[in-house]
Each structure stands twice: as structure tokens, then as C-alpha cells.
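What follows is a set of notes on a single structure, which appears directly below.
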Amino acid sequence: MTSIESLRLPRTAVASLLPVLLVVALALACWVFVLNGSGTGMSVWAMTRLNIPPVSSMEPIEHMWTRVYVVQMVGMWWGMMLAMMLLPIAIAFYRDRQTSGVRQTLAFLLGYSLVWFGFALIATGLQWTLERAGLVHAFMMWSLSAELSCFLLVGAGVYQLSLAHEKHRNACKFATVSLQAGLTYGRSCVISSAPLMLLFFAGGTMNLVWMLGLTLFVCVERNLPNPGMFDRISGAGLIALGLWCVVGT
């Protein structure tokens, strides 16, 4: 065997990495889409803040929701969710080294993406409702209400401590790579992570700090051998942060 041949990976090794590469490629495409404003023309960098709203100096403003804007908001939520939630899948694929073909992997990603598309539709409707109520700023897309921020943070913290969260997080596993597996896996992921994702209404929907923070949060949660302690610490922290939004403002 020549030195060049000895450096070549076996075909089985290459095949096992193919699903990982496909997931990573889609995740990178979604991150590029989000960092470029998700087709809204807005700047992620201008909307990124370290502080936790509500910002008392800002007043609610009216914004016309056209059909084009609705499509943009759905695309923004969908791209943002996939950018964040595909990384745990890439880690799972790399860990399991499943030898799946391109078609099976794409079918899995299609099913997974469709579930998050449903979440994007619901989140867009909720965003419209909160804007109309004057609780979320139309352009900065963050909470203008201490009570709303408290409700979202405490709600996410309580859910983090619940048996329902533990059940659906533990169900975020797949034995096969197929369209049905993607739908099932996506459903469990959405149910276990939805309260966390709704925290964007508190911290800013296109706030990069919150995007990176919640991405890291989910990756840690999904890869700990015994995440029970993490659930208790994070849940208590979210509840304390929510109460601070009311007491400290």
C-alpha cells in the first residue's frame, strides 16, 4: 500500500460522515440566511443587545403586516430555528455514525424541517398578536412589558423542571433515518424546546446573543449523560431571571 493510499478513508467511514456533512451544510446555510437578515432587510447586528428588555424608554409603534411581511417573518423564524436546532442533530449523527444514504438523510431533514415550519407559523401568529397588543416592539422585536418577560422566563423555567420536558427531551432520539423518523424526532424536539424558543420575545427575536446562548443551551442539554441537574439549575435560573425582570425594573 502506498503512502497516499494509506491516508484514504475507507468507504464506510466516508459514508458514515455523509449525513453529518449534509446536516452541517444545511445548518451553515441557515446561519448565513439569518446573519444576512433572513430576507427582511433588517440587521441582526443592530438588533443584538446584551441587556434583557423591557426597555422602558421605548414606546410601542404600529407596523403594517402585509402578506410579504408575513412570509418574511415565517421565513425568519423557520431559518432561525433550523440554524439553532440542526447542530444537536449533527452531533447525534456524528456520535452514532449511521451509514445512511443521501435520500434517507434528506428525507429525515425534510420531516424535521416541516415540524419546525409549523412552529414558525405559530410563532409568527404570536408575534403579530403581541405587537398588536403593544407588548413587543415592531422593529426591535423584543418585549416592552416587564410582566410579559417575567411570564416567558418563569414559564420556561417551570417547564424546564417538569416531567413533560424530561419526557420529550429523552424522546429526542432516532433509531432510523427516514421521513417518519424526522417527523417524530422533530415533534419531540419542538415540544421539549418550544418554551425556550419563545424567550426570543423577551430578549429579541433577531438578537444574536440569545440565538447563540439558546443554541449552546440546547446542545449542552441534549449531550449530558444525566441532564437532571442541568434542568434544575437552568430552571431555577430562568425563574429567578423572570422575577428580576419585574422586581428590578
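Starting from 1 in every chain, residues are counted up; chains themselves are A, B, ... following the order of the C-alpha cells, and ligands are numbered from 1 as listed.
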
Legend entry - For A:Leu21: contacts at 10 Å, only C-alpha atoms, fewer than 5 positions along chain excluded, given as an NGL selection string: :A and (16 or 26-27 or 90 or 93-94)

File dump, residues just selected, all heavy atoms, as a CSV table (one decimal), in the first residue's frame:
```csv
chain,number,residue,atom,x,y,z
A,16,SER,N,-20.4,7.1,6.5
A,16,SER,CA,-20.9,7.4,7.8
A,16,SER,C,-20.8,8.9,8.1
A,16,SER,O,-21.6,9.4,8.9
A,16,SER,CB,-20.2,6.7,8.9
A,16,SER,OG,-18.8,7.1,9.0
A,26,LEU,N,-26.6,22.3,5.8
A,26,LEU,CA,-27.9,23.0,5.9
A,26,LEU,C,-27.9,24.0,7.0
A,26,LEU,O,-28.4,25.1,6.9
A,26,LEU,CB,-29.0,21.9,6.1
A,26,LEU,CG,-30.4,22.5,6.3
A,26,LEU,CD1,-30.8,23.3,5.1
A,26,LEU,CD2,-31.4,21.3,6.5
A,27,ALA,N,-27.2,23.6,8.2
A,27,ALA,CA,-27.1,24.5,9.3
A,27,ALA,C,-26.4,25.7,8.9
A,27,ALA,O,-26.8,26.9,9.3
A,27,ALA,CB,-26.5,23.8,10.5
A,90,ALA,N,-26.5,17.2,14.1
A,90,ALA,CA,-25.2,16.9,13.6
A,90,ALA,C,-24.3,16.2,14.6
A,90,ALA,O,-23.6,15.2,14.2
A,90,ALA,CB,-24.5,18.2,13.1
A,93,PHE,N,-25.7,12.6,14.8
A,93,PHE,CA,-25.2,11.8,13.6
A,93,PHE,C,-23.8,11.4,13.7
A,93,PHE,O,-23.4,10.3,13.4
A,93,PHE,CB,-25.5,12.6,12.4
A,93,PHE,CG,-26.9,12.5,11.8
A,93,PHE,CD1,-28.0,12.3,12.6
A,93,PHE,CD2,-27.1,12.5,10.4
A,93,PHE,CE1,-29.2,12.2,12.1
A,93,PHE,CE2,-28.3,12.4,9.9
A,93,PHE,CZ,-29.4,12.2,10.7
A,94,TYR,N,-23.0,12.4,14.2
A,94,TYR,CA,-21.5,12.1,14.3
A,94,TYR,C,-21.2,11.0,15.4
A,94,TYR,O,-20.4,10.2,15.2
A,94,TYR,CB,-20.8,13.4,14.6
A,94,TYR,CG,-19.3,13.2,14.7
A,94,TYR,CD1,-18.5,13.1,13.6
A,94,TYR,CD2,-18.6,13.1,16.0
A,94,TYR,CE1,-17.1,12.9,13.7
A,94,TYR,CE2,-17.3,12.9,16.1
A,94,TYR,CZ,-16.5,12.8,14.9
A,94,TYR,OH,-15.2,12.6,15.0
```

Inset, instruction - Write out as a PyMOL selection string the residues lying within 7 Å of stretch 37-49 of chain A, counting only C-alpha atoms and excluding same-chain residues fewer than 3 positions away. - result: chain A and resi 33-34+72+75-76+140+206-209

Go ahead and write the residues just picked, all heavy atoms, as a PDB file, in the first residue's frame.
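Below is the file that was written, result-v3.pdb:
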```
ATOM      1  N   PHE A  33     -28.255  32.713   6.153  1.00  0.00           N
ATOM      2  CA  PHE A  33     -29.546  33.341   5.899  1.00  0.00           C
ATOM      3  C   PHE A  33     -29.939  34.264   7.054  1.00  0.00           C
ATOM      4  O   PHE A  33     -30.359  35.417   6.836  1.00  0.00           O
ATOM      5  CB  PHE A  33     -30.597  32.248   5.701  1.00  0.00           C
ATOM      6  CG  PHE A  33     -32.009  32.751   5.541  1.00  0.00           C
ATOM      7  CD1 PHE A  33     -32.390  33.447   4.406  1.00  0.00           C
ATOM      8  CD2 PHE A  33     -32.961  32.518   6.524  1.00  0.00           C
ATOM      9  CE1 PHE A  33     -33.698  33.907   4.246  1.00  0.00           C
ATOM     10  CE2 PHE A  33     -34.269  32.974   6.385  1.00  0.00           C
ATOM     11  CZ  PHE A  33     -34.633  33.673   5.246  1.00  0.00           C
ATOM     12  N   VAL A  34     -29.785  33.794   8.285  1.00  0.00           N
ATOM     13  CA  VAL A  34     -30.166  34.577   9.459  1.00  0.00           C
ATOM     14  C   VAL A  34     -29.246  35.778   9.637  1.00  0.00           C
ATOM     15  O   VAL A  34     -29.704  36.899   9.902  1.00  0.00           O
ATOM     16  CB  VAL A  34     -30.147  33.689  10.720  1.00  0.00           C
ATOM     17  CG1 VAL A  34     -30.296  34.533  11.977  1.00  0.00           C
ATOM     18  CG2 VAL A  34     -31.256  32.646  10.662  1.00  0.00           C
ATOM     19  N   GLN A  72     -42.020  36.878   5.214  1.00  0.00           N
ATOM     20  CA  GLN A  72     -40.679  37.169   5.723  1.00  0.00           C
ATOM     21  C   GLN A  72     -40.529  36.743   7.174  1.00  0.00           C
ATOM     22  O   GLN A  72     -39.497  36.175   7.563  1.00  0.00           O
ATOM     23  CB  GLN A  72     -40.386  38.662   5.584  1.00  0.00           C
ATOM     24  CG  GLN A  72     -40.177  39.125   4.161  1.00  0.00           C
ATOM     25  CD  GLN A  72     -40.017  40.633   4.060  1.00  0.00           C
ATOM     26  OE1 GLN A  72     -40.471  41.386   4.921  1.00  0.00           O
ATOM     27  NE2 GLN A  72     -39.358  41.082   3.004  1.00  0.00           N
ATOM     28  N   GLY A  75     -40.341  32.978   7.375  1.00  0.00           N
ATOM     29  CA  GLY A  75     -39.012  32.561   6.944  1.00  0.00           C
ATOM     30  C   GLY A  75     -37.950  32.866   7.976  1.00  0.00           C
ATOM     31  O   GLY A  75     -37.022  32.071   8.184  1.00  0.00           O
ATOM     32  N   MET A  76     -38.078  34.008   8.646  1.00  0.00           N
ATOM     33  CA  MET A  76     -37.113  34.368   9.687  1.00  0.00           C
ATOM     34  C   MET A  76     -37.151  33.366  10.835  1.00  0.00           C
ATOM     35  O   MET A  76     -36.111  32.854  11.265  1.00  0.00           O
ATOM     36  CB  MET A  76     -37.421  35.763  10.220  1.00  0.00           C
ATOM     37  CG  MET A  76     -36.518  36.218  11.359  1.00  0.00           C
ATOM     38  SD  MET A  76     -37.232  37.590  12.293  1.00  0.00           S
ATOM     39  CE  MET A  76     -38.608  36.772  13.125  1.00  0.00           C
ATOM     40  N   MET A 140     -37.645  46.257  16.794  1.00  0.00           N
ATOM     41  CA  MET A 140     -36.608  45.606  17.595  1.00  0.00           C
ATOM     42  C   MET A 140     -37.028  44.193  18.001  1.00  0.00           C
ATOM     43  O   MET A 140     -36.194  43.360  18.334  1.00  0.00           O
ATOM     44  CB  MET A 140     -36.303  46.431  18.842  1.00  0.00           C
ATOM     45  CG  MET A 140     -35.757  47.827  18.537  1.00  0.00           C
ATOM     46  SD  MET A 140     -34.324  47.811  17.417  1.00  0.00           S
ATOM     47  CE  MET A 140     -33.080  47.023  18.438  1.00  0.00           C
ATOM     48  N   MET A 206     -34.390  38.676  16.805  1.00  0.00           N
ATOM     49  CA  MET A 206     -33.195  38.561  15.971  1.00  0.00           C
ATOM     50  C   MET A 206     -31.939  38.944  16.753  1.00  0.00           C
ATOM     51  O   MET A 206     -30.956  39.409  16.178  1.00  0.00           O
ATOM     52  CB  MET A 206     -33.346  39.429  14.723  1.00  0.00           C
ATOM     53  CG  MET A 206     -34.448  38.963  13.789  1.00  0.00           C
ATOM     54  SD  MET A 206     -34.588  39.967  12.276  1.00  0.00           S
ATOM     55  CE  MET A 206     -33.086  39.501  11.411  1.00  0.00           C
ATOM     56  N   ASN A 207     -31.981  38.730  18.058  1.00  0.00           N
ATOM     57  CA  ASN A 207     -30.848  39.041  18.925  1.00  0.00           C
ATOM     58  C   ASN A 207     -29.844  37.888  18.865  1.00  0.00           C
ATOM     59  O   ASN A 207     -30.113  36.779  19.322  1.00  0.00           O
ATOM     60  CB  ASN A 207     -31.337  39.247  20.362  1.00  0.00           C
ATOM     61  CG  ASN A 207     -30.259  39.812  21.269  1.00  0.00           C
ATOM     62  OD1 ASN A 207     -29.071  39.606  21.060  1.00  0.00           O
ATOM     63  ND2 ASN A 207     -30.689  40.537  22.287  1.00  0.00           N
ATOM     64  N   LEU A 208     -28.670  38.165  18.308  1.00  0.00           N
ATOM     65  CA  LEU A 208     -27.671  37.116  18.104  1.00  0.00           C
ATOM     66  C   LEU A 208     -27.169  36.540  19.419  1.00  0.00           C
ATOM     67  O   LEU A 208     -26.830  35.355  19.493  1.00  0.00           O
ATOM     68  CB  LEU A 208     -26.494  37.682  17.292  1.00  0.00           C
ATOM     69  CG  LEU A 208     -25.432  36.691  16.820  1.00  0.00           C
ATOM     70  CD1 LEU A 208     -26.052  35.598  15.963  1.00  0.00           C
ATOM     71  CD2 LEU A 208     -24.346  37.417  16.045  1.00  0.00           C
ATOM     72  N   VAL A 209     -27.113  37.361  20.460  1.00  0.00           N
ATOM     73  CA  VAL A 209     -26.674  36.872  21.777  1.00  0.00           C
ATOM     74  C   VAL A 209     -27.608  35.777  22.273  1.00  0.00           C
ATOM     75  O   VAL A 209     -27.167  34.730  22.759  1.00  0.00           O
ATOM     76  CB  VAL A 209     -26.610  38.030  22.786  1.00  0.00           C
ATOM     77  CG1 VAL A 209     -26.362  37.505  24.202  1.00  0.00           C
ATOM     78  CG2 VAL A 209     -25.519  39.017  22.399  1.00  0.00           C
TER      79      VAL A 209
END
```

Legend entry - Option closest in space to A:Met141, from A:Pro225, A:Gly155, A:Gly204, A:Gly111 [counting only C-alpha atoms]: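 Among A:Pro225, A:Gly155, A:Gly204, A:Gly111, it is A:Gly204 that comes nearest to A:Met141.
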
Closest atom pairs, stretch 74-119 of chain A residues within 12 Å of stretch 210-219 of chain A, only C-alpha atoms, as CSV:
```
residue,atom,partner,partner_atom,distance
A:Trp77,CA,A:Met211,CA,11.4
A:Gly79,CA,A:Met211,CA,11.6
A:Met80,CA,A:Met211,CA,7.9
A:Met81,CA,A:Met211,CA,9.0
A:Leu82,CA,A:Thr215,CA,10.4
A:Ala83,CA,A:Thr215,CA,8.7
A:Met84,CA,A:Thr215,CA,5.1
A:Met85,CA,A:Thr215,CA,7.0
A:Leu86,CA,A:Thr215,CA,9.4
A:Leu87,CA,A:Cys219,CA,7.3
A:Pro88,CA,A:Cys219,CA,5.5
A:Ile89,CA,A:Cys219,CA,9.3
A:Ala90,CA,A:Cys219,CA,10.3
A:Ile91,CA,A:Cys219,CA,8.5
A:Ala92,CA,A:Cys219,CA,10.1
```

Legend entry - Long-range neighbours of stretch 229-246 of chain A as a PyMOL selection string, 7 Å cut-off, only C-alpha atoms, 5 positions minimum in chain: chain A and resi 146-147+149-151+153-154+156-158+160-161

Selection above as a file: all heavy atoms, as a short mmCIF file (atom, residue, chain, number, x, y, z; two decimals), in the first residue's frame:
```cif
data_model
loop_
_atom_site.label_atom_id
_atom_site.label_comp_id
_atom_site.auth_asym_id
_atom_site.auth_seq_id
_atom_site.Cartn_x
_atom_site.Cartn_y
_atom_site.Cartn_z
N ALA A 146 -42.54 44.30 31.30
CA ALA A 146 -41.86 43.52 32.33
C ALA A 146 -42.66 42.27 32.68
O ALA A 146 -42.10 41.20 32.94
CB ALA A 146 -41.65 44.38 33.58
N GLU A 147 -43.98 42.40 32.67
CA GLU A 147 -44.85 41.27 33.00
C GLU A 147 -44.73 40.17 31.94
O GLU A 147 -44.72 38.97 32.28
CB GLU A 147 -46.29 41.74 33.14
CG GLU A 147 -46.57 42.60 34.36
CD GLU A 147 -46.06 44.03 34.20
OE1 GLU A 147 -45.78 44.45 33.06
OE2 GLU A 147 -45.92 44.72 35.23
N SER A 149 -42.12 39.61 29.92
CA SER A 149 -40.80 38.99 30.06
C SER A 149 -40.77 38.03 31.23
O SER A 149 -40.21 36.93 31.15
CB SER A 149 -39.73 40.08 30.24
OG SER A 149 -39.66 40.92 29.12
N CYS A 150 -41.38 38.45 32.34
CA CYS A 150 -41.45 37.60 33.53
C CYS A 150 -42.22 36.32 33.23
O CYS A 150 -41.78 35.22 33.58
CB CYS A 150 -42.10 38.36 34.68
SG CYS A 150 -42.34 37.37 36.17
N PHE A 151 -43.36 36.46 32.57
CA PHE A 151 -44.20 35.30 32.25
C PHE A 151 -43.43 34.30 31.37
O PHE A 151 -43.47 33.08 31.62
CB PHE A 151 -45.46 35.76 31.54
CG PHE A 151 -46.34 34.64 31.05
CD1 PHE A 151 -47.17 33.97 31.93
CD2 PHE A 151 -46.31 34.25 29.72
CE1 PHE A 151 -47.98 32.92 31.49
CE2 PHE A 151 -47.11 33.22 29.26
CZ PHE A 151 -47.94 32.54 30.14
N LEU A 153 -40.09 33.96 30.94
CA LEU A 153 -38.92 33.38 31.61
C LEU A 153 -39.33 32.40 32.72
O LEU A 153 -38.78 31.30 32.81
CB LEU A 153 -38.05 34.49 32.19
CG LEU A 153 -37.25 35.30 31.16
CD1 LEU A 153 -36.80 36.63 31.73
CD2 LEU A 153 -36.04 34.49 30.68
N VAL A 154 -40.29 32.80 33.53
CA VAL A 154 -40.74 31.90 34.60
C VAL A 154 -41.41 30.67 33.99
O VAL A 154 -41.21 29.54 34.47
CB VAL A 154 -41.71 32.64 35.55
CG1 VAL A 154 -42.35 31.67 36.53
CG2 VAL A 154 -40.96 33.73 36.31
N ALA A 156 -40.78 29.27 31.09
CA ALA A 156 -39.73 28.38 30.56
C ALA A 156 -39.00 27.67 31.70
O ALA A 156 -38.65 26.49 31.58
CB ALA A 156 -38.74 29.19 29.72
N GLY A 157 -38.78 28.38 32.81
CA GLY A 157 -38.11 27.76 33.95
C GLY A 157 -38.93 26.65 34.58
O GLY A 157 -38.40 25.58 34.91
N VAL A 158 -40.21 26.91 34.75
CA VAL A 158 -41.10 25.89 35.33
C VAL A 158 -41.17 24.67 34.41
O VAL A 158 -41.13 23.52 34.87
CB VAL A 158 -42.51 26.48 35.58
CG1 VAL A 158 -43.49 25.37 35.95
CG2 VAL A 158 -42.45 27.54 36.66
N GLN A 160 -38.92 23.71 32.37
CA GLN A 160 -37.62 23.04 32.44
C GLN A 160 -37.58 22.04 33.58
O GLN A 160 -36.87 21.04 33.51
CB GLN A 160 -36.52 24.09 32.60
CG GLN A 160 -35.12 23.60 32.29
CD GLN A 160 -34.88 23.39 30.81
OE1 GLN A 160 -35.67 23.81 29.98
NE2 GLN A 160 -33.78 22.73 30.48
N LEU A 161 -38.33 22.30 34.62
CA LEU A 161 -38.36 21.42 35.80
C LEU A 161 -39.44 20.35 35.72
O LEU A 161 -39.52 19.50 36.61
CB LEU A 161 -38.60 22.28 37.06
CG LEU A 161 -37.53 23.34 37.37
CD1 LEU A 161 -38.01 24.22 38.52
CD2 LEU A 161 -36.19 22.70 37.70
#
```

Inset, instruction - Determine which residues of stretch 9-221 of chain A receive a DSSP assignment of alpha helix (DSSP H), computed from the backbone, and state them as JSON, numbers by chain. - result: {"A": [11, 12, 13, 14, 15, 16, 17, 18, 19, 20, 21, 22, 23, 24, 25, 26, 27, 28, 29, 30, 31, 32, 33, 34, 35, 67, 68, 69, 70, 71, 72, 73, 74, 75, 76, 77, 78, 79, 80, 81, 82, 83, 84, 85, 86, 87, 88, 89, 90, 91, 92, 93, 94, 95, 96, 102, 103, 104, 105, 106, 107, 108, 109, 110, 111, 112, 113, 114, 115, 116, 117, 118, 119, 120, 121, 122, 123, 124, 125, 126, 127, 128, 129, 130, 131, 132, 146, 147, 148, 149, 150, 151, 152, 153, 154, 155, 156, 157, 158, 159, 160, 163, 164, 165, 166, 167, 168, 169, 170, 179, 180, 181, 182, 183, 184, 185, 186, 187, 188, 189, 190, 191, 192, 193, 194, 195, 196, 197, 200, 201, 202, 203, 208, 209, 210, 211, 212, 213, 214, 215, 216, 217, 218, 219, 220, 221]}

Which stretch 16-82 of chain A residues have any atom within 10 Å of an atom of stretch 128-133 of chain A, and for each, what is the nearest pair of atoms with distance in Å to one decimal, counting only C-alpha atoms, rows sorted by chain and number, as JSON lines?
```
{"residue": "A:Pro60", "atom": "CA", "partner": "A:Glu131", "partner_atom": "CA", "distance": 7.9}
{"residue": "A:Ile61", "atom": "CA", "partner": "A:Glu131", "partner_atom": "CA", "distance": 8.3}
{"residue": "A:Glu62", "atom": "CA", "partner": "A:Arg132", "partner_atom": "CA", "distance": 7.7}
{"residue": "A:His63", "atom": "CA", "partner": "A:Glu131", "partner_atom": "CA", "distance": 8.4}
{"residue": "A:Trp65", "atom": "CA", "partner": "A:Trp128", "partner_atom": "CA", "distance": 8.0}
{"residue": "A:Val70", "atom": "CA", "partner": "A:Trp128", "partner_atom": "CA", "distance": 9.0}
{"residue": "A:Met73", "atom": "CA", "partner": "A:Trp128", "partner_atom": "CA", "distance": 9.6}
```

Legend entry - Length of the atom CA of A:Ala194 to atom CA of A:Val102 vector [Å]: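 Atom CA of A:Val102 lies 29.0 Å from atom CA of A:Ala194.
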
Legend entry - Length of the atom CA of A:Leu106 to atom CA of A:Ala123 vector [Å]: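 Going from atom CA of A:Leu106 over to atom CA of A:Ala123 covers 25.1 Å.
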
Would you list the contacts of A:Tyr112 as a short mmCIF file (atom, residue, chain, number, x, y, z; two decimals) with all heavy atoms, in the first residue's frame, taking every protein, DNA or RNA residue within 8 Å and counting only C-alpha atoms, but skipping same-chain residues closer than 3 positions in sequence?
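Below is the file result-v3.cif, written as the result:
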```cif
data_model
loop_
_atom_site.label_atom_id
_atom_site.label_comp_id
_atom_site.auth_asym_id
_atom_site.auth_seq_id
_atom_site.Cartn_x
_atom_site.Cartn_y
_atom_site.Cartn_z
N PHE A 108 -35.10 12.62 6.19
CA PHE A 108 -35.12 12.91 7.62
C PHE A 108 -35.12 14.42 7.86
O PHE A 108 -35.91 14.94 8.66
CB PHE A 108 -33.91 12.28 8.29
CG PHE A 108 -33.80 12.54 9.77
CD1 PHE A 108 -34.38 11.69 10.68
CD2 PHE A 108 -33.12 13.67 10.24
CE1 PHE A 108 -34.30 11.93 12.05
CE2 PHE A 108 -33.03 13.93 11.60
CZ PHE A 108 -33.61 13.06 12.51
N LEU A 109 -34.25 15.14 7.15
CA LEU A 109 -34.16 16.59 7.32
C LEU A 109 -35.44 17.28 6.85
O LEU A 109 -35.85 18.29 7.44
CB LEU A 109 -32.96 17.13 6.54
CG LEU A 109 -31.59 16.72 7.10
CD1 LEU A 109 -30.48 17.21 6.17
CD2 LEU A 109 -31.39 17.27 8.50
N VAL A 115 -41.68 20.10 10.71
CA VAL A 115 -42.20 20.30 12.06
C VAL A 115 -41.86 21.70 12.56
O VAL A 115 -42.70 22.41 13.13
CB VAL A 115 -41.66 19.23 13.02
CG1 VAL A 115 -42.18 19.48 14.44
CG2 VAL A 115 -42.08 17.83 12.56
N TRP A 116 -40.62 22.12 12.33
CA TRP A 116 -40.23 23.46 12.76
C TRP A 116 -40.90 24.54 11.92
O TRP A 116 -41.08 25.68 12.38
CB TRP A 116 -38.71 23.61 12.71
CG TRP A 116 -38.05 23.02 13.92
CD1 TRP A 116 -37.30 21.88 13.98
CD2 TRP A 116 -38.10 23.52 15.26
NE1 TRP A 116 -36.88 21.64 15.27
CE2 TRP A 116 -37.36 22.64 16.07
CE3 TRP A 116 -38.70 24.63 15.84
CZ2 TRP A 116 -37.21 22.85 17.45
CZ3 TRP A 116 -38.55 24.84 17.21
CH2 TRP A 116 -37.81 23.95 18.00
N LEU A 179 -38.12 9.82 6.60
CA LEU A 179 -39.05 10.94 6.72
C LEU A 179 -39.85 10.84 8.02
O LEU A 179 -40.00 11.82 8.75
CB LEU A 179 -39.99 10.95 5.51
CG LEU A 179 -41.10 12.02 5.53
CD1 LEU A 179 -40.51 13.42 5.53
CD2 LEU A 179 -42.04 11.82 4.35
N GLY A 182 -37.76 11.70 10.98
CA GLY A 182 -37.56 13.13 11.09
C GLY A 182 -38.76 13.84 11.67
O GLY A 182 -38.64 14.76 12.49
N LEU A 183 -39.96 13.42 11.26
CA LEU A 183 -41.19 14.00 11.81
C LEU A 183 -41.33 13.71 13.30
O LEU A 183 -41.67 14.59 14.10
CB LEU A 183 -42.40 13.47 11.05
CG LEU A 183 -42.56 13.91 9.60
CD1 LEU A 183 -43.64 13.09 8.90
CD2 LEU A 183 -42.89 15.40 9.53
N THR A 184 -41.06 12.46 13.68
CA THR A 184 -41.18 12.07 15.09
C THR A 184 -40.14 12.77 15.95
O THR A 184 -40.46 13.30 17.03
CB THR A 184 -41.02 10.55 15.22
OG1 THR A 184 -42.00 9.89 14.41
CG2 THR A 184 -41.19 10.11 16.67
N TYR A 185 -38.91 12.79 15.47
CA TYR A 185 -37.82 13.45 16.20
C TYR A 185 -38.10 14.94 16.32
O TYR A 185 -37.94 15.54 17.38
CB TYR A 185 -36.52 13.21 15.45
CG TYR A 185 -35.29 13.77 16.13
CD1 TYR A 185 -34.63 13.07 17.13
CD2 TYR A 185 -34.77 15.00 15.74
CE1 TYR A 185 -33.50 13.58 17.75
CE2 TYR A 185 -33.63 15.52 16.35
CZ TYR A 185 -33.01 14.81 17.34
OH TYR A 185 -31.88 15.33 17.94
N GLY A 186 -38.56 15.56 15.22
CA GLY A 186 -38.86 16.98 15.24
C GLY A 186 -39.97 17.32 16.21
O GLY A 186 -39.91 18.34 16.91
N ARG A 187 -41.00 16.47 16.24
CA ARG A 187 -42.12 16.72 17.16
C ARG A 187 -41.63 16.73 18.61
O ARG A 187 -42.01 17.62 19.39
CB ARG A 187 -43.18 15.64 16.97
CG ARG A 187 -44.35 15.71 17.95
CD ARG A 187 -45.35 14.60 17.69
NE ARG A 187 -46.37 14.57 18.73
CZ ARG A 187 -46.26 13.92 19.88
NH1 ARG A 187 -45.14 13.23 20.14
NH2 ARG A 187 -47.24 13.93 20.77
#
```

Inset, instruction - Return the single residue from A:Phe200, A:Trp78, A:Phe174, A:Phe139 that is closest to A:Leu152, with distances computed using only C-alpha atoms. - result: A:Phe200

Legend entry - Given only C-alpha atoms as the counted atoms, nearest of A:Pro19, A:Gly125, A:Gly134, A:Gly118 to A:Gly101: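 Smallest distance to A:Gly101 is found for A:Pro19.
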
Legend entry - Nearest-residue call for A:His137, choices A:Gln180, A:Thr124, A:Thr205, A:Gln104, using only C-alpha atoms: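 Once distances to A:His137 are computed over only C-alpha atoms, the minimum belongs to A:Thr205.
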
Inset, instruction - Provide the atom CA of A:Arg103 to atom CA of A:Leu35 distance in Å, to one decimal place. - result: 28.6 Å
